[in-house]
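What follows is a single structure, written as structure tokens, with notes after it.
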Amino acid sequence: MTTPDAMALGGEAGEVTLAAPTGSRRNVLDLDDFTADEITSVLDDTGAMVEVLGRDIKKVPTLRGRVVVTMFYESSTRTRISFEEAGKVLSADVINMSSSGSSVDKGESLLNTGLTLQAMGVDVVVVRYPHSGAPYLLARHLPQVSVINAGDGLHAHPTQALLDLYTMRERLGTLLGAKVVIVGDVLHSRVARSNLWGLTKMGANVVLSGPTTLMPLDLLSGRDELEEDHPFAQVDVDTDLDRAIEGADVVMALRLQSERQQGGFLPSLREYIRRWQVTDARMARAKSGALVMHPGPMNEGVEISTALAHGESSVIEEQVTNGVAVRMALLYRLCAGRGSRMAQAG
Ligand code: CP
């Protein structure tokens, strides 16, 4: 099949032209296998999708005939709904599956569920799963399907990281040299892990802050042994948030993930709030105009103050808005230039 040089996202309100996707990406599992150029290309496509979403009639025929299944074995508001909206705006047929009410209730395995969807001619499976690695298992065994990781255990959440990168790039102009402080429960955060890959590849300076017990020692204890050019070799850790935040361009608060903690990580919630809650007073140490981010859902009054979460420096709602566009860009990247599986079967 020939790939067009460029693709027009036609619609009733005119066309937006995108460069044809480069490379042969089939899956989006994490950002470790993205180059900086590919991330840049996804962010550029996201900008075009934002334009589509700004139209009165948000509908283009780009993915007509493609079938996208969202398969969520863990709860979600932002990721699941934005994938559904993204697929529908691009005219794909989107089917939402959850573990309850499907044959998963009868004990069907993840792999057999995936094989069943592949046999039905599905083009893209978007999967969220409580255990790390599940999307990789599907990708390995479903050669005819594109798999997108919508969050696997503590491991990765690449589409969240891409929407974070897009939001930062839009506001700052560039990620190169930006100081990004990621605060809180980094240990249990798949968002932080994917952001570490994305931010370091794009040349940002990342500082992790929070209690030592919530720092990812697997990433950091071996830092001295990392090759100098390994992306994480330059990531800093500073448990003193007031010091870490000095001169920051972006402060990203993470949700304290009590559901993933078996206890013993914190002396007390009150102590955590006192030392690591992101507040207006702490943001005064950051650069003027610094951005406050949070992937959501938030524990307001714990990792972030309510005033700051809804204040002028917060781009948290913008992150959510951009999530739809970035997921459109990814669906486009995986599907455009290859025929629908249903059409091939026919
Ligand atoms: N940020 C995020 O993944 O949110 P949801 O759990 O609501 O999808």
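Identifiers for the structure tokens are assigned positionally: chains receive A, B, ... in sequence, residues are indexed from 1 per chain, and ligands are indexed from 1 in the order shown.
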
- Message: Let me see if you get this right: every residue at most 6 Å from ligand 1, counting only C-alpha atoms and all ligand atoms, written as a ChimeraX atom specification.
- Response: /A:76-80,295-297

- With a distance cut-off of 9 Å and only C-alpha atoms, select the neighbouring residues of Ile39 in chain A, excluding the residue or stretch itself and same-chain residues fewer than 2 positions from it, and output the selection as number ranges by chain. A: 31, 34-37, 41-44, 162, 165, 198, 201-202

Can you write out the residues you just picked, keeping N, CA and C atoms, as a tab-separated table (two decimals), in the first residue's frame?
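out18.tsv was written with the following content:
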```
chain	number	residue	atom	x	y	z
A	31	LEU	N	7.00	5.55	26.11
A	31	LEU	CA	7.75	6.51	25.29
A	31	LEU	C	9.22	6.14	25.17
A	34	PHE	N	10.20	5.86	21.56
A	34	PHE	CA	9.98	7.03	20.70
A	34	PHE	C	11.28	7.84	20.62
A	35	THR	N	11.60	8.32	19.43
A	35	THR	CA	12.70	9.29	19.33
A	35	THR	C	12.14	10.68	19.61
A	36	ALA	N	13.03	11.63	19.85
A	36	ALA	CA	12.59	13.02	20.03
A	36	ALA	C	11.85	13.49	18.77
A	37	ASP	N	12.33	13.07	17.60
A	37	ASP	CA	11.67	13.50	16.35
A	37	ASP	C	10.25	12.95	16.27
A	41	SER	N	6.79	15.03	16.15
A	41	SER	CA	5.81	14.84	15.08
A	41	SER	C	4.41	14.58	15.67
A	42	VAL	N	4.32	13.79	16.76
A	42	VAL	CA	3.01	13.56	17.40
A	42	VAL	C	2.47	14.89	17.96
A	43	LEU	N	3.35	15.69	18.56
A	43	LEU	CA	2.88	16.96	19.14
A	43	LEU	C	2.43	17.91	18.03
A	44	ASP	N	3.13	17.88	16.89
A	44	ASP	CA	2.70	18.72	15.76
A	44	ASP	C	1.33	18.27	15.25
A	162	LEU	N	2.30	12.20	26.77
A	162	LEU	CA	2.29	12.99	25.53
A	162	LEU	C	1.40	14.22	25.66
A	165	LEU	N	3.33	16.68	27.67
A	165	LEU	CA	4.39	17.32	26.86
A	165	LEU	C	3.78	18.37	25.93
A	198	GLY	N	9.70	10.90	28.22
A	198	GLY	CA	9.37	11.95	27.26
A	198	GLY	C	10.14	13.24	27.53
A	201	LYS	N	13.94	12.93	26.83
A	201	LYS	CA	14.22	12.86	25.38
A	201	LYS	C	14.07	14.23	24.73
A	202	MET	N	13.17	15.04	25.27
A	202	MET	CA	12.93	16.36	24.67
A	202	MET	C	13.85	17.44	25.27
```

- Who sits within 7 Å of Val278 in chain A, only C-alpha atoms, same chain under 5 positions skipped, as a PyMOL selection string: chain A and resi 253+303-305

- Query: Which is closer to Asp238 in chain A than all the others in A:Leu142, A:Met328, A:Leu90, A:Val206, using only C-alpha atoms?
  - Reply: A:Val206

Can you build me a table of range 83-186 of chain A residues sitting at most 12 Å from range 67-74 of chain A, with the closest atom pair per residue and its distance in Å to one decimal, using only C-alpha atoms, sorted by chain and residue number, as JSON lines?
```
{"residue": "A:Phe83", "atom": "CA", "partner": "A:Thr70", "partner_atom": "CA", "distance": 7.6}
{"residue": "A:Glu84", "atom": "CA", "partner": "A:Thr70", "partner_atom": "CA", "distance": 7.6}
{"residue": "A:Glu85", "atom": "CA", "partner": "A:Val68", "partner_atom": "CA", "distance": 11.2}
{"residue": "A:Ala86", "atom": "CA", "partner": "A:Val68", "partner_atom": "CA", "distance": 10.2}
{"residue": "A:Gly87", "atom": "CA", "partner": "A:Val68", "partner_atom": "CA", "distance": 7.1}
{"residue": "A:Lys88", "atom": "CA", "partner": "A:Val68", "partner_atom": "CA", "distance": 9.5}
{"residue": "A:Leu90", "atom": "CA", "partner": "A:Val68", "partner_atom": "CA", "distance": 11.0}
{"residue": "A:Ser91", "atom": "CA", "partner": "A:Val67", "partner_atom": "CA", "distance": 9.5}
{"residue": "A:Ala92", "atom": "CA", "partner": "A:Val67", "partner_atom": "CA", "distance": 5.8}
{"residue": "A:Asp93", "atom": "CA", "partner": "A:Val67", "partner_atom": "CA", "distance": 4.8}
{"residue": "A:Val94", "atom": "CA", "partner": "A:Val68", "partner_atom": "CA", "distance": 4.8}
{"residue": "A:Ile95", "atom": "CA", "partner": "A:Val69", "partner_atom": "CA", "distance": 4.7}
{"residue": "A:Asn96", "atom": "CA", "partner": "A:Thr70", "partner_atom": "CA", "distance": 4.8}
{"residue": "A:Met97", "atom": "CA", "partner": "A:Met71", "partner_atom": "CA", "distance": 4.9}
{"residue": "A:Ser98", "atom": "CA", "partner": "A:Phe72", "partner_atom": "CA", "distance": 5.1}
{"residue": "A:Ser99", "atom": "CA", "partner": "A:Tyr73", "partner_atom": "CA", "distance": 5.3}
{"residue": "A:Ser100", "atom": "CA", "partner": "A:Tyr73", "partner_atom": "CA", "distance": 8.3}
{"residue": "A:Gly101", "atom": "CA", "partner": "A:Tyr73", "partner_atom": "CA", "distance": 11.4}
{"residue": "A:Ser102", "atom": "CA", "partner": "A:Met71", "partner_atom": "CA", "distance": 10.2}
{"residue": "A:Val104", "atom": "CA", "partner": "A:Tyr73", "partner_atom": "CA", "distance": 9.4}
{"residue": "A:Asp105", "atom": "CA", "partner": "A:Tyr73", "partner_atom": "CA", "distance": 11.1}
{"residue": "A:Ser109", "atom": "CA", "partner": "A:Tyr73", "partner_atom": "CA", "distance": 11.7}
{"residue": "A:Leu110", "atom": "CA", "partner": "A:Tyr73", "partner_atom": "CA", "distance": 9.6}
{"residue": "A:Thr113", "atom": "CA", "partner": "A:Met71", "partner_atom": "CA", "distance": 9.6}
{"residue": "A:Gly114", "atom": "CA", "partner": "A:Met71", "partner_atom": "CA", "distance": 9.3}
{"residue": "A:Thr116", "atom": "CA", "partner": "A:Val69", "partner_atom": "CA", "distance": 11.7}
{"residue": "A:Leu117", "atom": "CA", "partner": "A:Val69", "partner_atom": "CA", "distance": 8.2}
{"residue": "A:Gln118", "atom": "CA", "partner": "A:Val69", "partner_atom": "CA", "distance": 10.3}
{"residue": "A:Met120", "atom": "CA", "partner": "A:Val67", "partner_atom": "CA", "distance": 9.7}
{"residue": "A:Gly121", "atom": "CA", "partner": "A:Val67", "partner_atom": "CA", "distance": 7.7}
{"residue": "A:Val122", "atom": "CA", "partner": "A:Val67", "partner_atom": "CA", "distance": 5.1}
{"residue": "A:Asp123", "atom": "CA", "partner": "A:Val67", "partner_atom": "CA", "distance": 5.2}
{"residue": "A:Val124", "atom": "CA", "partner": "A:Val68", "partner_atom": "CA", "distance": 4.7}
{"residue": "A:Val125", "atom": "CA", "partner": "A:Val69", "partner_atom": "CA", "distance": 4.9}
{"residue": "A:Val126", "atom": "CA", "partner": "A:Thr70", "partner_atom": "CA", "distance": 4.6}
{"residue": "A:Val127", "atom": "CA", "partner": "A:Met71", "partner_atom": "CA", "distance": 4.8}
{"residue": "A:Arg128", "atom": "CA", "partner": "A:Phe72", "partner_atom": "CA", "distance": 4.8}
{"residue": "A:Tyr129", "atom": "CA", "partner": "A:Tyr73", "partner_atom": "CA", "distance": 5.1}
{"residue": "A:Pro130", "atom": "CA", "partner": "A:Glu74", "partner_atom": "CA", "distance": 6.3}
{"residue": "A:His131", "atom": "CA", "partner": "A:Tyr73", "partner_atom": "CA", "distance": 9.7}
{"residue": "A:Ala134", "atom": "CA", "partner": "A:Tyr73", "partner_atom": "CA", "distance": 10.6}
{"residue": "A:Pro135", "atom": "CA", "partner": "A:Met71", "partner_atom": "CA", "distance": 10.6}
{"residue": "A:Leu138", "atom": "CA", "partner": "A:Met71", "partner_atom": "CA", "distance": 11.6}
{"residue": "A:Val145", "atom": "CA", "partner": "A:Val68", "partner_atom": "CA", "distance": 9.7}
{"residue": "A:Ser146", "atom": "CA", "partner": "A:Val68", "partner_atom": "CA", "distance": 9.3}
{"residue": "A:Val147", "atom": "CA", "partner": "A:Val69", "partner_atom": "CA", "distance": 9.8}
{"residue": "A:Ile148", "atom": "CA", "partner": "A:Thr70", "partner_atom": "CA", "distance": 9.3}
{"residue": "A:Asn149", "atom": "CA", "partner": "A:Met71", "partner_atom": "CA", "distance": 10.1}
{"residue": "A:Ala150", "atom": "CA", "partner": "A:Phe72", "partner_atom": "CA", "distance": 8.3}
{"residue": "A:Gly151", "atom": "CA", "partner": "A:Glu74", "partner_atom": "CA", "distance": 9.0}
{"residue": "A:Asp152", "atom": "CA", "partner": "A:Glu74", "partner_atom": "CA", "distance": 9.3}
{"residue": "A:Gly153", "atom": "CA", "partner": "A:Glu74", "partner_atom": "CA", "distance": 9.5}
```

- Item | Nearest-residue call for Leu175 in chain A, choices A:Cys335, A:Ala156, A:Val324, A:Ala204, using only C-alpha atoms | A:Ala204

Running DSSP on the backbone, which parts of range 250-331 of chain A land in alpha helix (DSSP H), as a PDB file with N, CA, C and O atoms, in the first residue's frame?
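Everything below was put into result29.pdb:
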```pdb
ATOM      1  N   LEU A 269      -0.250  11.601  57.116  1.00  0.00           N
ATOM      2  CA  LEU A 269      -0.771  12.433  56.028  1.00  0.00           C
ATOM      3  C   LEU A 269      -0.494  13.912  56.322  1.00  0.00           C
ATOM      4  O   LEU A 269      -0.151  14.679  55.416  1.00  0.00           O
ATOM      5  N   ARG A 270      -0.647  14.274  57.589  1.00  0.00           N
ATOM      6  CA  ARG A 270      -0.423  15.680  57.970  1.00  0.00           C
ATOM      7  C   ARG A 270       1.009  16.107  57.643  1.00  0.00           C
ATOM      8  O   ARG A 270       1.246  17.191  57.125  1.00  0.00           O
ATOM      9  N   GLU A 271       1.974  15.219  57.914  1.00  0.00           N
ATOM     10  CA  GLU A 271       3.384  15.510  57.626  1.00  0.00           C
ATOM     11  C   GLU A 271       3.598  15.627  56.106  1.00  0.00           C
ATOM     12  O   GLU A 271       4.308  16.502  55.622  1.00  0.00           O
ATOM     13  N   TYR A 272       2.940  14.742  55.368  1.00  0.00           N
ATOM     14  CA  TYR A 272       3.067  14.780  53.905  1.00  0.00           C
ATOM     15  C   TYR A 272       2.558  16.130  53.371  1.00  0.00           C
ATOM     16  O   TYR A 272       3.211  16.784  52.557  1.00  0.00           O
ATOM     17  N   ILE A 273       1.390  16.522  53.862  1.00  0.00           N
ATOM     18  CA  ILE A 273       0.792  17.785  53.401  1.00  0.00           C
ATOM     19  C   ILE A 273       1.716  18.949  53.757  1.00  0.00           C
ATOM     20  O   ILE A 273       1.960  19.852  52.949  1.00  0.00           O
ATOM     21  N   ARG A 274       2.253  18.939  54.945  1.00  0.00           N
ATOM     22  CA  ARG A 274       3.103  20.046  55.389  1.00  0.00           C
ATOM     23  C   ARG A 274       4.362  20.164  54.512  1.00  0.00           C
ATOM     24  O   ARG A 274       4.757  21.254  54.128  1.00  0.00           O
ATOM     25  N   ARG A 275       4.924  19.030  54.125  1.00  0.00           N
ATOM     26  CA  ARG A 275       6.223  19.099  53.437  1.00  0.00           C
ATOM     27  C   ARG A 275       6.132  19.046  51.915  1.00  0.00           C
ATOM     28  O   ARG A 275       7.003  19.550  51.219  1.00  0.00           O
ATOM     29  N   TRP A 276       5.055  18.418  51.405  1.00  0.00           N
ATOM     30  CA  TRP A 276       5.062  18.212  49.945  1.00  0.00           C
ATOM     31  C   TRP A 276       3.806  18.682  49.218  1.00  0.00           C
ATOM     32  O   TRP A 276       3.688  18.496  48.020  1.00  0.00           O
ATOM     33  N   ASP A 280       0.269  27.830  46.722  1.00  0.00           N
ATOM     34  CA  ASP A 280       0.634  29.153  46.186  1.00  0.00           C
ATOM     35  C   ASP A 280       1.948  29.632  46.794  1.00  0.00           C
ATOM     36  O   ASP A 280       2.801  30.178  46.096  1.00  0.00           O
ATOM     37  N   ALA A 281       2.088  29.449  48.095  1.00  0.00           N
ATOM     38  CA  ALA A 281       3.301  29.936  48.771  1.00  0.00           C
ATOM     39  C   ALA A 281       4.534  29.260  48.183  1.00  0.00           C
ATOM     40  O   ALA A 281       5.563  29.903  47.933  1.00  0.00           O
ATOM     41  N   ARG A 282       4.441  27.977  47.927  1.00  0.00           N
ATOM     42  CA  ARG A 282       5.608  27.271  47.356  1.00  0.00           C
ATOM     43  C   ARG A 282       5.838  27.703  45.913  1.00  0.00           C
ATOM     44  O   ARG A 282       6.978  27.848  45.477  1.00  0.00           O
ATOM     45  N   MET A 283       4.750  27.919  45.166  1.00  0.00           N
ATOM     46  CA  MET A 283       4.906  28.311  43.752  1.00  0.00           C
ATOM     47  C   MET A 283       5.576  29.680  43.625  1.00  0.00           C
ATOM     48  O   MET A 283       6.121  30.008  42.570  1.00  0.00           O
ATOM     49  N   THR A 306      -6.447  23.412  47.012  1.00  0.00           N
ATOM     50  CA  THR A 306      -7.606  23.694  46.153  1.00  0.00           C
ATOM     51  C   THR A 306      -7.420  25.019  45.421  1.00  0.00           C
ATOM     52  O   THR A 306      -7.699  25.130  44.221  1.00  0.00           O
ATOM     53  N   ALA A 307      -6.899  26.030  46.124  1.00  0.00           N
ATOM     54  CA  ALA A 307      -6.728  27.352  45.494  1.00  0.00           C
ATOM     55  C   ALA A 307      -5.800  27.252  44.290  1.00  0.00           C
ATOM     56  O   ALA A 307      -6.069  27.832  43.222  1.00  0.00           O
ATOM     57  N   LEU A 308      -4.726  26.497  44.436  1.00  0.00           N
ATOM     58  CA  LEU A 308      -3.756  26.401  43.342  1.00  0.00           C
ATOM     59  C   LEU A 308      -4.317  25.562  42.186  1.00  0.00           C
ATOM     60  O   LEU A 308      -4.144  25.904  41.015  1.00  0.00           O
ATOM     61  N   ALA A 309      -5.011  24.490  42.534  1.00  0.00           N
ATOM     62  CA  ALA A 309      -5.549  23.591  41.496  1.00  0.00           C
ATOM     63  C   ALA A 309      -6.490  24.336  40.555  1.00  0.00           C
ATOM     64  O   ALA A 309      -6.576  24.015  39.369  1.00  0.00           O
ATOM     65  N   ILE A 316      -4.463  22.452  34.492  1.00  0.00           N
ATOM     66  CA  ILE A 316      -4.964  21.081  34.670  1.00  0.00           C
ATOM     67  C   ILE A 316      -6.145  20.793  33.722  1.00  0.00           C
ATOM     68  O   ILE A 316      -6.215  19.720  33.111  1.00  0.00           O
ATOM     69  N   GLU A 317      -7.029  21.764  33.566  1.00  0.00           N
ATOM     70  CA  GLU A 317      -8.144  21.522  32.623  1.00  0.00           C
ATOM     71  C   GLU A 317      -7.650  21.516  31.178  1.00  0.00           C
ATOM     72  O   GLU A 317      -8.164  20.785  30.335  1.00  0.00           O
ATOM     73  N   GLU A 318      -6.638  22.327  30.908  1.00  0.00           N
ATOM     74  CA  GLU A 318      -6.047  22.339  29.561  1.00  0.00           C
ATOM     75  C   GLU A 318      -5.441  20.969  29.243  1.00  0.00           C
ATOM     76  O   GLU A 318      -5.519  20.499  28.098  1.00  0.00           O
ATOM     77  N   GLN A 319      -4.827  20.339  30.236  1.00  0.00           N
ATOM     78  CA  GLN A 319      -4.285  18.987  30.030  1.00  0.00           C
ATOM     79  C   GLN A 319      -5.402  18.047  29.569  1.00  0.00           C
ATOM     80  O   GLN A 319      -5.228  17.262  28.644  1.00  0.00           O
ATOM     81  N   VAL A 320      -6.547  18.141  30.234  1.00  0.00           N
ATOM     82  CA  VAL A 320      -7.670  17.254  29.879  1.00  0.00           C
ATOM     83  C   VAL A 320      -8.127  17.538  28.445  1.00  0.00           C
ATOM     84  O   VAL A 320      -8.324  16.618  27.642  1.00  0.00           O
ATOM     85  N   THR A 321      -8.268  18.817  28.119  1.00  0.00           N
ATOM     86  CA  THR A 321      -8.694  19.189  26.763  1.00  0.00           C
ATOM     87  C   THR A 321      -7.710  18.642  25.734  1.00  0.00           C
ATOM     88  O   THR A 321      -8.108  18.047  24.720  1.00  0.00           O
ATOM     89  N   ASN A 322      -6.423  18.816  26.006  1.00  0.00           N
ATOM     90  CA  ASN A 322      -5.403  18.367  25.055  1.00  0.00           C
ATOM     91  C   ASN A 322      -5.345  16.852  24.932  1.00  0.00           C
ATOM     92  O   ASN A 322      -4.863  16.312  23.933  1.00  0.00           O
ATOM     93  N   GLY A 323      -5.852  16.162  25.953  1.00  0.00           N
ATOM     94  CA  GLY A 323      -5.858  14.697  25.923  1.00  0.00           C
ATOM     95  C   GLY A 323      -6.645  14.149  24.753  1.00  0.00           C
ATOM     96  O   GLY A 323      -6.291  13.124  24.168  1.00  0.00           O
ATOM     97  N   VAL A 324      -7.722  14.810  24.397  1.00  0.00           N
ATOM     98  CA  VAL A 324      -8.531  14.328  23.260  1.00  0.00           C
ATOM     99  C   VAL A 324      -7.703  14.462  21.974  1.00  0.00           C
ATOM    100  O   VAL A 324      -7.604  13.524  21.177  1.00  0.00           O
ATOM    101  N   ALA A 325      -7.068  15.617  21.802  1.00  0.00           N
ATOM    102  CA  ALA A 325      -6.321  15.867  20.558  1.00  0.00           C
ATOM    103  C   ALA A 325      -5.121  14.937  20.431  1.00  0.00           C
ATOM    104  O   ALA A 325      -4.830  14.427  19.341  1.00  0.00           O
ATOM    105  N   VAL A 326      -4.422  14.706  21.525  1.00  0.00           N
ATOM    106  CA  VAL A 326      -3.236  13.847  21.435  1.00  0.00           C
ATOM    107  C   VAL A 326      -3.660  12.417  21.113  1.00  0.00           C
ATOM    108  O   VAL A 326      -2.984  11.709  20.341  1.00  0.00           O
ATOM    109  N   ARG A 327      -4.803  12.000  21.623  1.00  0.00           N
ATOM    110  CA  ARG A 327      -5.257  10.621  21.338  1.00  0.00           C
ATOM    111  C   ARG A 327      -5.765  10.522  19.897  1.00  0.00           C
ATOM    112  O   ARG A 327      -5.613   9.478  19.248  1.00  0.00           O
ATOM    113  N   MET A 328      -6.313  11.611  19.368  1.00  0.00           N
ATOM    114  CA  MET A 328      -6.648  11.631  17.931  1.00  0.00           C
ATOM    115  C   MET A 328      -5.375  11.470  17.107  1.00  0.00           C
ATOM    116  O   MET A 328      -5.328  10.695  16.142  1.00  0.00           O
ATOM    117  N   ALA A 329      -4.332  12.216  17.496  1.00  0.00           N
ATOM    118  CA  ALA A 329      -3.071  12.155  16.735  1.00  0.00           C
ATOM    119  C   ALA A 329      -2.502  10.741  16.752  1.00  0.00           C
ATOM    120  O   ALA A 329      -1.961  10.258  15.749  1.00  0.00           O
ATOM    121  N   LEU A 330      -2.632  10.055  17.876  1.00  0.00           N
ATOM    122  CA  LEU A 330      -2.088   8.694  17.966  1.00  0.00           C
ATOM    123  C   LEU A 330      -2.918   7.705  17.157  1.00  0.00           C
ATOM    124  O   LEU A 330      -2.373   6.844  16.456  1.00  0.00           O
ATOM    125  N   LEU A 331      -4.231   7.822  17.236  1.00  0.00           N
ATOM    126  CA  LEU A 331      -5.080   6.916  16.436  1.00  0.00           C
ATOM    127  C   LEU A 331      -4.797   7.121  14.954  1.00  0.00           C
ATOM    128  O   LEU A 331      -4.700   6.166  14.177  1.00  0.00           O
TER     129      LEU A 331
END
```
